[in-house]
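Structure file my_file.cif (mmCIF, C-alpha atoms) is printed below.
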data_model
#
loop_
_atom_site.label_atom_id
_atom_site.label_comp_id
_atom_site.auth_asym_id
_atom_site.auth_seq_id
_atom_site.Cartn_x
_atom_site.Cartn_y
_atom_site.Cartn_z
CA MET A 1 93.28 135.18 84.48
CA SER A 2 91.48 131.91 84.01
CA GLU A 3 91.26 132.47 80.27
CA HIS A 4 94.97 133.00 80.08
CA LYS A 5 95.63 129.75 81.90
CA GLN A 6 93.22 127.86 79.70
CA THR A 7 94.95 128.82 76.49
CA GLU A 8 98.33 128.06 78.00
CA ASN A 9 97.59 124.45 79.00
CA ASN A 10 94.99 123.83 76.33
CA PRO A 11 92.84 121.92 78.84
CA GLN A 12 90.03 121.39 76.36
CA GLY A 13 92.25 119.29 74.12
CA LYS A 14 93.57 117.40 77.15
CA ASP A 15 90.07 116.80 78.50
CA LYS A 16 89.00 115.46 75.15
CA LYS A 17 91.95 113.10 75.03
CA MET A 18 91.23 111.80 78.53
CA VAL A 19 87.56 111.22 77.78
CA ILE A 20 88.39 109.44 74.54
CA ALA A 21 91.01 107.27 76.26
CA MET A 22 88.76 106.28 79.16
CA GLY A 23 85.79 105.78 76.86
CA SER A 24 87.59 103.51 74.45
CA ILE A 25 89.22 101.49 77.23
CA GLY A 26 85.77 101.10 78.73
CA LEU A 27 84.45 99.87 75.41
CA ILE A 28 87.26 97.33 74.96
CA CYS A 29 86.71 96.07 78.51
CA ALA A 30 82.94 95.81 78.08
CA LEU A 31 83.44 93.84 74.87
CA LEU A 32 85.85 91.45 76.59
CA ILE A 33 83.46 90.83 79.48
CA VAL A 34 80.49 90.23 77.17
CA LEU A 35 82.50 87.78 75.04
CA THR A 36 83.65 85.82 78.12
CA TYR A 37 80.13 85.76 79.52
CA GLN A 38 78.73 84.40 76.28
CA GLY A 39 81.56 81.90 75.89
CA THR A 40 81.36 80.45 79.39
CA PHE A 41 77.59 80.65 79.92
CA ALA A 42 76.78 77.09 78.81
CA SER A 43 79.45 75.38 80.89
CA ILE A 44 78.72 77.51 83.98
CA GLU A 45 75.03 76.55 83.77
CA LYS A 46 75.98 72.89 83.41
CA ASN A 47 78.37 73.06 86.38
CA LYS A 48 75.76 74.82 88.50
CA ALA A 49 73.16 72.18 87.68
CA GLU A 50 75.63 69.44 88.67
CA ALA A 51 76.52 71.24 91.90
CA LEU A 52 72.81 71.61 92.69
CA GLU A 53 72.19 67.92 92.13
CA LYS A 54 75.08 67.02 94.45
CA ALA A 55 73.72 69.45 97.04
CA ILE A 56 70.23 67.88 96.87
CA PHE A 57 71.76 64.54 97.84
CA LYS A 58 73.48 66.30 100.77
CA VAL A 59 70.37 67.95 102.21
CA LEU A 60 68.12 64.90 101.87
CA PRO A 61 70.01 62.05 103.54
CA GLY A 62 69.37 58.54 102.26
CA ILE A 63 67.93 59.38 98.83
CA SER A 64 68.99 57.67 95.63
CA LYS A 65 67.24 59.78 92.99
CA THR A 66 65.69 63.20 92.56
CA LYS A 67 63.04 64.79 90.37
CA ALA A 68 62.39 68.48 89.72
CA PHE A 69 58.87 69.89 90.14
CA GLN A 70 57.74 73.33 89.05
CA LEU A 71 55.14 75.46 90.80
CA ASN A 72 52.28 76.25 88.42
CA GLN A 73 50.16 79.39 88.34
CA ASP A 74 47.28 77.60 90.12
CA GLN A 75 49.54 76.70 93.10
CA THR A 76 49.95 73.06 92.13
CA PHE A 77 53.15 71.19 91.35
CA SER A 78 54.02 69.26 88.21
CA GLU A 79 57.11 67.38 87.09
CA THR A 80 59.41 69.43 84.88
CA ASN A 81 62.61 69.41 82.88
CA ALA A 82 62.69 73.17 82.46
CA THR A 83 66.06 74.78 83.05
CA ASP A 84 64.85 78.38 83.11
CA PRO A 85 65.91 79.77 86.50
CA LYS A 86 62.88 82.08 86.58
CA ILE A 87 60.44 79.19 87.03
CA PRO A 88 60.05 78.42 90.76
CA LYS A 89 61.09 74.84 91.37
CA VAL A 90 61.55 72.33 94.17
CA TYR A 91 63.33 68.98 94.06
CA ALA A 92 61.81 65.78 95.43
CA GLY A 93 64.11 63.03 96.68
CA TYR A 94 63.28 59.32 96.69
CA ASP A 95 64.99 56.33 98.27
CA SER A 96 65.93 53.15 96.41
CA ILE A 97 62.38 51.72 96.53
CA GLY A 98 60.87 54.94 95.22
CA GLN A 99 59.49 56.27 98.46
CA LEU A 100 59.36 60.04 98.89
CA LYS A 101 61.94 61.06 101.48
CA GLY A 102 61.66 64.82 101.29
CA ILE A 103 61.75 68.00 99.24
CA ALA A 104 64.79 70.19 98.64
CA VAL A 105 64.00 73.90 98.37
CA GLN A 106 66.26 76.68 97.18
CA ALA A 107 66.12 80.01 99.04
CA ASN A 108 67.83 83.34 98.36
CA GLY A 109 68.27 86.47 100.37
CA LYS A 110 70.68 89.18 101.28
CA GLY A 111 73.60 88.15 103.45
CA TYR A 112 76.24 90.44 104.93
CA GLY A 113 77.92 90.95 101.59
CA GLU A 114 76.13 89.72 98.54
CA VAL A 115 73.23 87.36 97.95
CA LEU A 116 73.18 84.14 99.93
CA ASN A 117 71.92 81.19 97.92
CA LEU A 118 70.86 78.33 100.18
CA LEU A 119 69.35 74.88 99.78
CA TYR A 120 67.52 73.00 102.51
CA GLY A 121 65.83 69.63 102.76
CA TYR A 122 62.27 69.35 104.09
CA ASP A 123 60.89 66.10 105.44
CA ILE A 124 57.11 66.36 104.80
CA ASP A 125 55.97 63.52 107.06
CA ASN A 126 57.87 64.69 110.12
CA GLN A 127 57.58 68.39 109.19
CA LYS A 128 61.25 68.98 109.84
CA ILE A 129 64.17 70.55 108.05
CA VAL A 130 66.71 67.73 107.73
CA GLY A 131 69.58 69.29 105.79
CA PHE A 132 71.14 72.62 104.87
CA TYR A 133 73.73 73.60 102.27
CA VAL A 134 75.20 76.90 101.10
CA LEU A 135 75.15 76.97 97.30
CA GLU A 136 76.62 80.42 96.89
CA SER A 137 77.98 82.95 99.33
CA LYS A 138 80.42 85.83 99.33
CA GLU A 139 80.42 86.20 103.12
CA THR A 140 83.55 87.41 104.89
CA PRO A 141 86.20 84.66 104.84
CA GLY A 142 86.85 83.36 108.35
CA ILE A 143 83.72 85.01 109.84
CA GLY A 144 80.52 84.82 107.80
CA ASP A 145 81.63 81.71 105.94
CA LYS A 146 81.35 79.75 109.20
CA ILE A 147 77.74 79.04 108.14
CA GLU A 148 79.26 76.32 105.96
CA LYS A 149 81.02 74.66 108.89
CA GLU A 150 79.95 71.56 110.82
CA ASP A 151 79.03 73.40 114.05
CA PHE A 152 76.48 75.58 112.32
CA LEU A 153 75.15 72.81 110.08
CA ALA A 154 74.29 70.81 113.22
CA ASN A 155 71.33 73.20 113.66
CA PHE A 156 69.66 71.66 110.66
CA LYS A 157 69.91 67.95 111.40
CA ALA A 158 66.30 67.91 112.65
CA MET A 159 64.91 71.42 112.79
CA ASP A 160 61.28 71.82 113.78
CA ALA A 161 59.22 73.34 110.96
CA ALA A 162 55.75 72.13 111.95
CA LEU A 163 52.76 73.82 110.35
CA ASN A 164 49.92 75.37 112.37
CA ASP A 165 46.54 73.66 112.74
CA ASP A 166 45.02 74.89 109.48
CA PHE A 167 48.27 74.25 107.52
CA THR A 168 48.68 77.83 106.30
CA LYS A 169 51.76 78.93 108.23
CA ILE A 170 54.70 77.64 110.23
CA LYS A 171 53.67 77.27 113.87
CA ASN A 172 56.96 78.43 115.34
CA GLU A 173 58.86 80.90 113.16
CA ILE A 174 62.46 79.89 112.50
CA THR A 175 64.63 82.44 114.29
CA THR A 176 68.30 82.93 115.00
CA VAL A 177 69.27 83.29 118.66
CA LYS A 178 72.59 84.25 120.24
CA HIS A 179 75.22 81.55 120.42
CA GLY A 180 74.51 79.17 123.29
CA GLU A 181 70.93 80.36 123.87
CA LYS A 182 69.21 77.80 121.67
CA THR A 183 66.47 76.04 123.66
CA ASN A 184 63.98 74.93 121.00
CA ASP A 185 64.25 72.91 117.82
CA TRP A 186 63.05 75.79 115.65
CA GLN A 187 65.85 78.10 116.74
CA ILE A 188 69.21 78.55 115.03
CA ASP A 189 72.23 78.75 117.28
CA GLY A 190 73.94 81.89 115.94
CA ILE A 191 77.65 82.37 115.33
CA THR A 192 79.54 84.75 117.60
CA GLY A 193 81.04 87.52 115.47
CA ALA A 194 78.89 86.69 112.47
CA THR A 195 75.58 87.98 113.81
CA ILE A 196 74.40 89.49 110.53
CA THR A 197 75.11 86.38 108.47
CA SER A 198 73.50 84.02 110.99
CA ARG A 199 70.44 86.27 111.25
CA ALA A 200 70.26 86.43 107.46
CA VAL A 201 70.13 82.63 107.32
CA GLY A 202 67.29 82.66 109.89
CA ASN A 203 65.33 85.27 107.96
CA ILE A 204 65.79 83.55 104.61
CA LEU A 205 64.70 80.19 106.03
CA SER A 206 61.74 81.73 107.85
CA MET A 207 60.48 83.50 104.72
CA SER A 208 61.05 80.53 102.48
CA SER A 209 59.51 77.98 104.85
CA ASN A 210 56.36 80.10 105.26
CA GLN A 211 56.07 80.43 101.51
CA TRP A 212 56.81 76.85 100.48
CA MET A 213 55.89 74.45 103.25
CA PRO A 214 52.10 75.03 103.28
CA LEU A 215 52.12 74.63 99.48
CA ILE A 216 54.24 71.49 99.58
CA TYR A 217 52.14 69.98 102.37
CA LYS A 218 48.88 70.71 100.53
CA ASN A 219 50.23 69.14 97.31
CA LYS A 220 52.00 66.28 99.03
CA LYS A 221 50.39 63.70 96.75
CA SER A 222 51.71 65.22 93.53
CA PHE A 223 55.28 64.35 94.55
CA LEU A 224 54.62 60.63 94.95
CA ILE A 225 55.86 58.42 92.14
CA ASN A 226 52.93 56.70 90.40
CA ASP A 227 54.14 53.15 90.44
CA LYS A 228 51.69 51.31 88.16
CA SER A 229 53.10 47.85 88.90
CA LYS A 230 51.75 48.04 92.45
CA MET B 1 119.56 71.17 99.76
CA SER B 2 120.07 69.48 96.38
CA VAL B 3 118.50 72.50 94.70
CA ILE B 4 121.22 74.77 96.01
CA ASN B 5 123.96 72.41 94.86
CA GLN B 6 122.45 72.22 91.43
CA ASN B 7 122.21 75.99 91.30
CA LYS B 8 125.86 76.31 92.21
CA SER B 9 127.07 73.85 89.61
CA GLU B 10 125.00 75.49 86.89
CA LYS B 11 125.91 78.97 87.93
CA GLY B 12 128.22 79.54 84.98
CA PHE B 13 125.59 78.42 82.51
CA LEU B 14 122.78 80.27 84.27
CA SER B 15 124.66 83.52 84.46
CA SER B 16 125.50 83.32 80.75
CA ILE B 17 121.82 83.19 79.79
CA ALA B 18 120.94 85.55 82.59
CA ASP B 19 123.20 88.11 80.93
CA HIS B 20 120.81 88.20 78.00
CA PRO B 21 118.49 91.11 78.83
CA SER B 22 115.25 89.36 77.87
CA THR B 23 115.98 86.33 80.05
CA ASP B 24 116.74 88.69 82.85
CA GLU B 25 113.27 90.30 82.60
CA PHE B 26 111.84 86.85 83.15
CA ILE B 27 114.20 85.52 85.82
CA LYS B 28 114.04 88.61 88.01
CA GLY B 29 110.36 88.06 88.83
CA VAL B 30 110.78 84.39 89.56
CA TRP B 31 113.76 84.77 91.84
CA ARG B 32 115.74 87.97 92.38
CA GLU B 33 112.67 90.22 92.74
CA ASN B 34 110.15 87.57 93.73
CA PRO B 35 106.91 89.46 94.45
CA VAL B 36 106.20 87.68 97.74
CA PHE B 37 109.61 86.77 99.16
CA VAL B 38 111.54 89.87 98.10
CA GLN B 39 109.05 92.65 97.36
CA VAL B 40 106.65 91.41 100.07
CA LEU B 41 103.64 92.46 97.96
CA GLY B 42 100.24 90.82 97.73
CA MET B 43 100.29 89.57 101.30
CA CYS B 44 96.51 89.32 101.63
CA PRO B 45 95.96 86.45 99.17
CA SER B 46 99.34 84.89 100.06
CA LEU B 47 98.24 84.44 103.65
CA ALA B 48 94.51 83.91 103.22
CA VAL B 49 94.19 81.45 100.34
CA SER B 50 97.32 79.40 100.98
CA ASN B 51 95.70 76.96 103.44
CA SER B 52 96.04 74.19 100.85
CA ALA B 53 98.33 73.64 97.88
CA LYS B 54 95.39 73.38 95.47
CA ASN B 55 93.90 76.73 96.51
CA ALA B 56 97.34 78.33 96.39
CA LEU B 57 98.00 77.00 92.90
CA ALA B 58 94.61 78.14 91.58
CA MET B 59 95.00 81.58 93.14
CA GLY B 60 98.56 81.91 91.79
CA LEU B 61 97.54 80.93 88.25
CA ALA B 62 94.49 83.22 88.30
CA THR B 63 96.66 86.14 89.42
CA ALA B 64 99.34 85.29 86.84
CA PHE B 65 96.68 85.30 84.10
CA VAL B 66 95.35 88.72 85.14
CA LEU B 67 98.91 90.03 85.42
CA LEU B 68 99.87 88.77 81.96
CA MET B 69 96.75 90.00 80.16
CA SER B 70 96.68 93.40 81.84
CA ASN B 71 100.42 93.88 81.24
CA ILE B 72 99.92 93.15 77.52
CA LEU B 73 96.97 95.52 77.13
CA ILE B 74 98.51 98.30 79.20
CA SER B 75 101.78 98.04 77.30
CA LEU B 76 99.90 98.16 73.98
CA LEU B 77 97.97 101.25 75.06
CA ARG B 78 100.85 102.95 76.89
CA ASP B 79 101.17 105.87 74.46
CA PHE B 80 97.40 106.28 74.22
CA ILE B 81 96.58 106.57 77.94
CA PRO B 82 97.02 110.16 79.23
CA LYS B 83 99.02 110.19 82.45
CA GLN B 84 96.27 111.95 84.48
CA VAL B 85 93.88 109.04 84.07
CA ARG B 86 96.41 106.21 83.97
CA ILE B 87 95.60 104.65 87.36
CA ALA B 88 91.87 104.67 86.60
CA SER B 89 92.55 103.06 83.23
CA TYR B 90 94.80 100.40 84.76
CA ILE B 91 92.21 99.51 87.38
CA LEU B 92 89.52 99.30 84.69
CA ILE B 93 91.65 96.92 82.63
CA ILE B 94 92.64 94.82 85.66
CA ALA B 95 89.02 94.58 86.84
CA THR B 96 87.98 93.39 83.40
CA PHE B 97 90.45 90.53 83.37
CA VAL B 98 89.47 89.60 86.94
CA THR B 99 85.86 89.32 85.74
CA VAL B 100 87.04 87.19 82.84
CA ILE B 101 88.96 84.81 85.13
CA ASP B 102 85.99 84.74 87.53
CA TYR B 103 83.72 83.42 84.77
CA ALA B 104 86.42 81.06 83.51
CA MET B 105 86.92 79.63 87.00
CA GLN B 106 83.18 78.96 87.33
CA ALA B 107 83.22 77.23 83.97
CA ILE B 108 86.17 75.04 85.02
CA SER B 109 85.02 74.04 88.49
CA ILE B 110 82.30 75.45 90.75
CA GLU B 111 83.90 73.73 93.76
CA LEU B 112 87.23 75.47 93.21
CA HIS B 113 85.47 78.78 92.65
CA LYS B 114 83.60 78.28 95.90
CA SER B 115 86.72 77.43 97.89
CA LEU B 116 88.48 80.61 96.72
CA GLY B 117 85.31 82.59 97.46
CA ALA B 118 85.63 86.35 97.64
CA PHE B 119 89.38 86.25 96.97
CA ILE B 120 88.96 85.96 93.19
CA ALA B 121 87.23 89.33 93.08
CA LEU B 122 89.93 90.74 95.36
CA ILE B 123 92.63 90.11 92.72
CA VAL B 124 91.61 93.58 91.47
CA VAL B 125 93.27 95.17 94.49
CA ASN B 126 96.33 92.90 94.47
CA CYS B 127 99.14 95.44 94.52
CA ILE B 128 101.50 93.22 92.48
CA ILE B 129 99.39 93.74 89.37
CA LEU B 130 99.04 97.50 89.71
CA SER B 131 102.71 97.87 90.60
CA ARG B 132 103.81 95.96 87.46
CA ALA B 133 101.44 98.05 85.34
CA GLU B 134 102.75 101.31 86.74
CA ALA B 135 106.42 100.40 87.11
CA PHE B 136 106.91 98.24 84.06
CA ALA B 137 104.20 97.73 81.44
CA SER B 138 103.49 101.46 81.03
CA LYS B 139 107.15 102.12 80.19
CA ASN B 140 108.23 99.06 78.19
CA THR B 141 107.48 97.21 74.97
CA VAL B 142 104.87 94.46 74.74
CA GLY B 143 107.51 91.72 74.46
CA LYS B 144 109.34 92.83 77.59
CA SER B 145 106.05 93.28 79.46
CA ILE B 146 105.01 89.72 78.62
CA LEU B 147 108.31 88.38 79.97
CA ASP B 148 108.00 90.54 83.07
CA ALA B 149 104.42 89.38 83.70
CA LEU B 150 105.33 85.72 83.15
CA GLY B 151 108.25 85.98 85.55
CA MET B 152 106.30 87.80 88.24
CA GLY B 153 103.27 85.52 87.75
CA ILE B 154 105.33 82.36 88.04
CA GLY B 155 107.23 83.84 90.99
CA PHE B 156 103.96 84.61 92.76
CA THR B 157 102.52 81.16 92.01
CA PHE B 158 105.75 79.52 93.18
CA ALA B 159 105.71 81.48 96.45
CA LEU B 160 102.04 80.69 97.09
CA LEU B 161 102.63 77.03 96.32
CA CYS B 162 105.53 76.95 98.81
CA ILE B 163 103.37 78.48 101.56
CA GLY B 164 100.34 76.37 100.64
CA GLY B 165 102.40 73.19 100.38
CA VAL B 166 103.98 73.58 103.82
CA ARG B 167 100.64 74.46 105.41
CA GLU B 168 98.80 71.56 103.78
CA ILE B 169 101.48 68.97 104.56
CA LEU B 170 101.71 69.96 108.22
CA GLY B 171 98.09 71.00 108.72
CA SER B 172 96.22 68.29 106.82
CA GLY B 173 98.91 65.63 106.26
CA SER B 174 98.40 65.74 102.50
CA PHE B 175 99.69 67.46 99.35
CA LEU B 176 97.33 68.56 96.57
CA GLY B 177 94.69 66.38 98.23
CA PHE B 178 96.78 63.17 98.34
CA GLU B 179 97.08 61.91 101.91
CA PHE B 180 100.49 60.38 102.42
CA MET B 181 101.29 60.93 106.10
CA PRO B 182 100.99 57.83 108.35
CA ASP B 183 97.90 57.63 110.55
CA SER B 184 100.01 58.25 113.61
CA PHE B 185 100.86 61.74 112.29
CA GLU B 186 99.24 64.35 114.50
CA LYS B 187 97.91 67.17 112.25
CA TRP B 188 99.05 70.65 113.19
CA VAL B 189 95.65 72.30 113.08
CA ILE B 190 97.17 75.75 113.60
CA MET B 191 98.82 75.53 110.18
CA VAL B 192 95.49 75.67 108.31
CA LEU B 193 94.30 78.51 110.56
CA PRO B 194 95.31 82.13 109.75
CA ALA B 195 98.14 82.09 112.32
CA GLY B 196 99.76 79.22 110.43
CA GLY B 197 99.98 81.44 107.36
CA PHE B 198 102.04 84.00 109.24
CA PHE B 199 104.32 81.37 110.75
CA THR B 200 104.94 79.73 107.39
CA LEU B 201 105.57 83.03 105.61
CA ALA B 202 108.04 84.13 108.28
CA PHE B 203 109.81 80.78 108.12
CA LEU B 204 110.08 80.85 104.31
CA LEU B 205 111.27 84.49 104.31
CA LEU B 206 113.98 83.46 106.76
CA ILE B 207 115.17 80.66 104.47
CA PHE B 208 114.97 82.87 101.38
CA ASN B 209 116.94 85.69 102.97
CA SER B 210 119.60 83.37 104.34
CA PHE B 211 120.13 82.08 100.75
CA LYS B 212 120.46 85.63 99.56
CA ILE B 213 122.96 86.60 102.22
CA LYS B 214 125.02 83.49 101.48
CA ASN B 215 124.99 84.22 97.73
CA ASN B 216 126.02 87.82 98.28
CA ARG B 217 128.99 86.76 100.41
CA ALA B 218 130.15 84.15 97.89
#
Structure re-expressed in structure tokens:
Amino acid sequence: MSEHKQTENNPQGKDKKMVIAMGSIGLICALLIVLTYQGTFASIEKNKAEALEKAIFKVLPGISKTKAFQLNQDQTFSETNATDPKIPKVYAGYDSIGQLKGIAVQANGKGYGEVLNLLYGYDIDNQKIVGFYVLESKETPGIGDKIEKEDFLANFKAMDAALNDDFTKIKNEITTVKHGEKTNDWQIDGITGATITSRAVGNILSMSSNQWMPLIYKNKKSFLINDKSK
Amino acid sequence: MSVINQNKSEKGFLSSIADHPSTDEFIKGVWRENPVFVQVLGMCPSLAVSNSAKNALAMGLATAFVLLMSNILISLLRDFIPKQVRIASYILIIATFVTVIDYAMQAISIELHKSLGAFIALIVVNCIILSRAEAFASKNTVGKSILDALGMGIGFTFALLCIGGVREILGSGSFLGFEFMPDSFEKWVIMVLPAGGFFTLAFLLLIFNSFKIKNNRA
């Protein structure tokens, strides 16, 4: 019965044709994507670097220039011009007379949808987070993307990120609380309806601050500009 | 108002070129079968990204590009694609060109890419593109498919720009970022919110349909 049907419709020939069609369309498409990726790579990198620079000025209020520092294997920082995204880097910001105002740190983590790429400014002397900016997000429009709005950003005007007594950890973990229940400076006032995104921001900041702030505090001196004229 | 008058006076001339079949393939998408105002397709981006004229224009052009390129490729391959796997093939081709425009947009301006957000990726599921692939490009020559895609693409961009323009002028007191309203102008905040999109679309559909009814009577 089945054999009879097979010979009648010649499904093997049809199957072959379908596989060949899908396969070759897939190949053409893959080729197109690779070509576009290669062609646009340089300008996308340049645009991203410019956007990052602009964002650094946003998260560190009052600065007039920035310098990139890379984290070395021995947990020290040194000035760098490297563009390789794999090298962990932070960005120091200085005011017009060359005084260190703070460090901008990039932090990634999973949001509700895709990866959230954030940048925040850390004031070493006051041990506070003084600015926050979303570099990249694919959060739900109208819900999760409220983390880019003024109300949410107000959390990070002067957020407590003090270190504990032996400077190894953050004293009070940064956490997200329900909207309207914020009582302390280290808490993030969450967004109603965007619980997962606001919690994700809290988790990313908490992880990143525990990782970076003790290191930055310990190496505070390496960020100062050596002004030989003084 | 002046647009209508102009249309009326040029009607003889317009209809003479409109009689040419290839012009008709183009004009139908822009006007007679406008994807947003007549076919009411692609409502999601039309309502969501039209909160400013700039976003609307960028979204319209990105969609028009995907529509044009996928129409060309699908029309070229129309005898090669077996009908059992045609939808899968169309989606594959459309998704490819969406990826291409996604990279291109990042290369042009990160800010613009950021303001359109997830909606660029969602062009894949814009029903205008799949409907043109299935209803037109898979059955017609490359030349006709290009004209069809250009017409539909321009029609879609035009519709988005109308919605975006009205919403930006009333909601932010500006057009394409240029503020021209006097300071005393009270901004209609609701127009930049989602509800404003629905109001504007309904209002424009009303105008569009009243034109059509008038033309049919004449």
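Among the candidates B:Leu116, B:Ile154, B:Met181, B:Ala58, the residue lying nearest to chain A is B:Leu116 (atoms considered: all atoms listed in the file).
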- Item | chain A residues near chain B (12 Å cut-off, all atoms listed in the file) as JSON, numbers by chain | {"A": [11, 13, 14, 15, 16, 17, 18, 19, 20, 21, 22, 23, 24, 25, 26, 27, 28, 29, 30, 31, 32, 33, 34, 35, 36, 37, 38, 39, 40, 41, 42, 43, 44, 45, 46, 47, 48, 49, 50, 51, 52, 54, 55, 113, 114, 134, 135, 136, 137, 138, 139, 140, 141, 142, 143, 144, 145, 148]}
- Message: So that I can check the surroundings of Ser145 in chain B, please list as a count of residues only every protein, DNA and RNA residue that reaches within 8 Å of it, counting all atoms listed in the file and ignoring chain neighbours fewer than 4 positions away.
- Response: 8
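The shortest atom-to-atom distance to Tyr94 in chain A, with all atoms listed in the file taken into account, belongs to A:Phe57 out of A:Phe156, A:Phe57, A:Trp212, A:Phe132.
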- Query: In Å, how far is it from CA of Asp189 in chain A to CA of Asn164 in chain A?
  - Reply: 23.1 Å
Reference answer for the PyMOL selection byres ((chain B and resi 160) around 9), as a short mmCIF file (atom, residue, chain, number, x, y, z; two decimals) with C-alpha atoms, in the frame of the given file:
data_model
loop_
_atom_site.label_atom_id
_atom_site.label_comp_id
_atom_site.auth_asym_id
_atom_site.auth_seq_id
_atom_site.Cartn_x
_atom_site.Cartn_y
_atom_site.Cartn_z
CA VAL B 36 106.20 87.68 97.74
CA PRO B 45 95.96 86.45 99.17
CA SER B 46 99.34 84.89 100.06
CA LEU B 47 98.24 84.44 103.65
CA VAL B 49 94.19 81.45 100.34
CA SER B 50 97.32 79.40 100.98
CA ALA B 53 98.33 73.64 97.88
CA ALA B 56 97.34 78.33 96.39
CA LEU B 57 98.00 77.00 92.90
CA MET B 59 95.00 81.58 93.14
CA GLY B 60 98.56 81.91 91.79
CA GLY B 155 107.23 83.84 90.99
CA PHE B 156 103.96 84.61 92.76
CA THR B 157 102.52 81.16 92.01
CA PHE B 158 105.75 79.52 93.18
CA ALA B 159 105.71 81.48 96.45
CA LEU B 161 102.63 77.03 96.32
CA CYS B 162 105.53 76.95 98.81
CA ILE B 163 103.37 78.48 101.56
CA GLY B 164 100.34 76.37 100.64
CA GLY B 165 102.40 73.19 100.38
#
- Message: With all atoms listed in the file as the counted atoms, please give the residues lying no more than 7 Å from range 75-89 of chain A, apart from itself and same-chain residues fewer than 4 positions off, as a PyMOL selection string.
- Response: chain A and resi 68-71+219+222
- Could you write out as an MDAnalysis selection string the residues that the PyMOL selection byres ((chain A and resi 195) around 12) matches in the shown file? chainID A and resid 111:112 139:140 143:147 176:179 188:194 196:202
- Ground truth for the PyMOL selection byres ((chain B and resi 169-175) around 8), written as a PyMOL selection string: chain B and resi 52-53+165-168+176-181+185+187-192
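All residues that come within 10 Å of the coordinates (58.3, 63.7, 107.0), counting only C-alpha atoms, are given as Leu100, Lys101, Gly102, Ile103, Tyr122, Asp123, Ile124, Asp125, Asn126, Gln127, Lys128, Ile129, Val130 and Tyr217 of chain A.
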With all atoms of range 145-154 of chain A from the file as input, state the centre and edge lengths in Å to one decimal of the axis-aligned box that has 6 Å extra on each side, as lines of an AutoDock Vina configuration file.
center_x = 78.0
center_y = 76.3
center_z = 110.0
size_x = 19.3
size_y = 22.9
size_z = 20.1
- Query: Please, what distance in Å, to one decimal, runs between CA of Cys44 in chain B and CA of Ala64 in chain B?
  - Reply: 15.6 Å
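Taking CA of Leu116 in chain A as the reference point, CA of Lys65 in chain A is found at 26.0 Å.
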- Message: Distance cut-off 12 Å, centre (120.5, 84.3, 99.3) in file coordinates, counting all atoms listed in the file: which residues qualify? Return them as an MDAnalysis selection string.
- Response: chainID B and resid 4 7:8 31:33 37:38 205:218
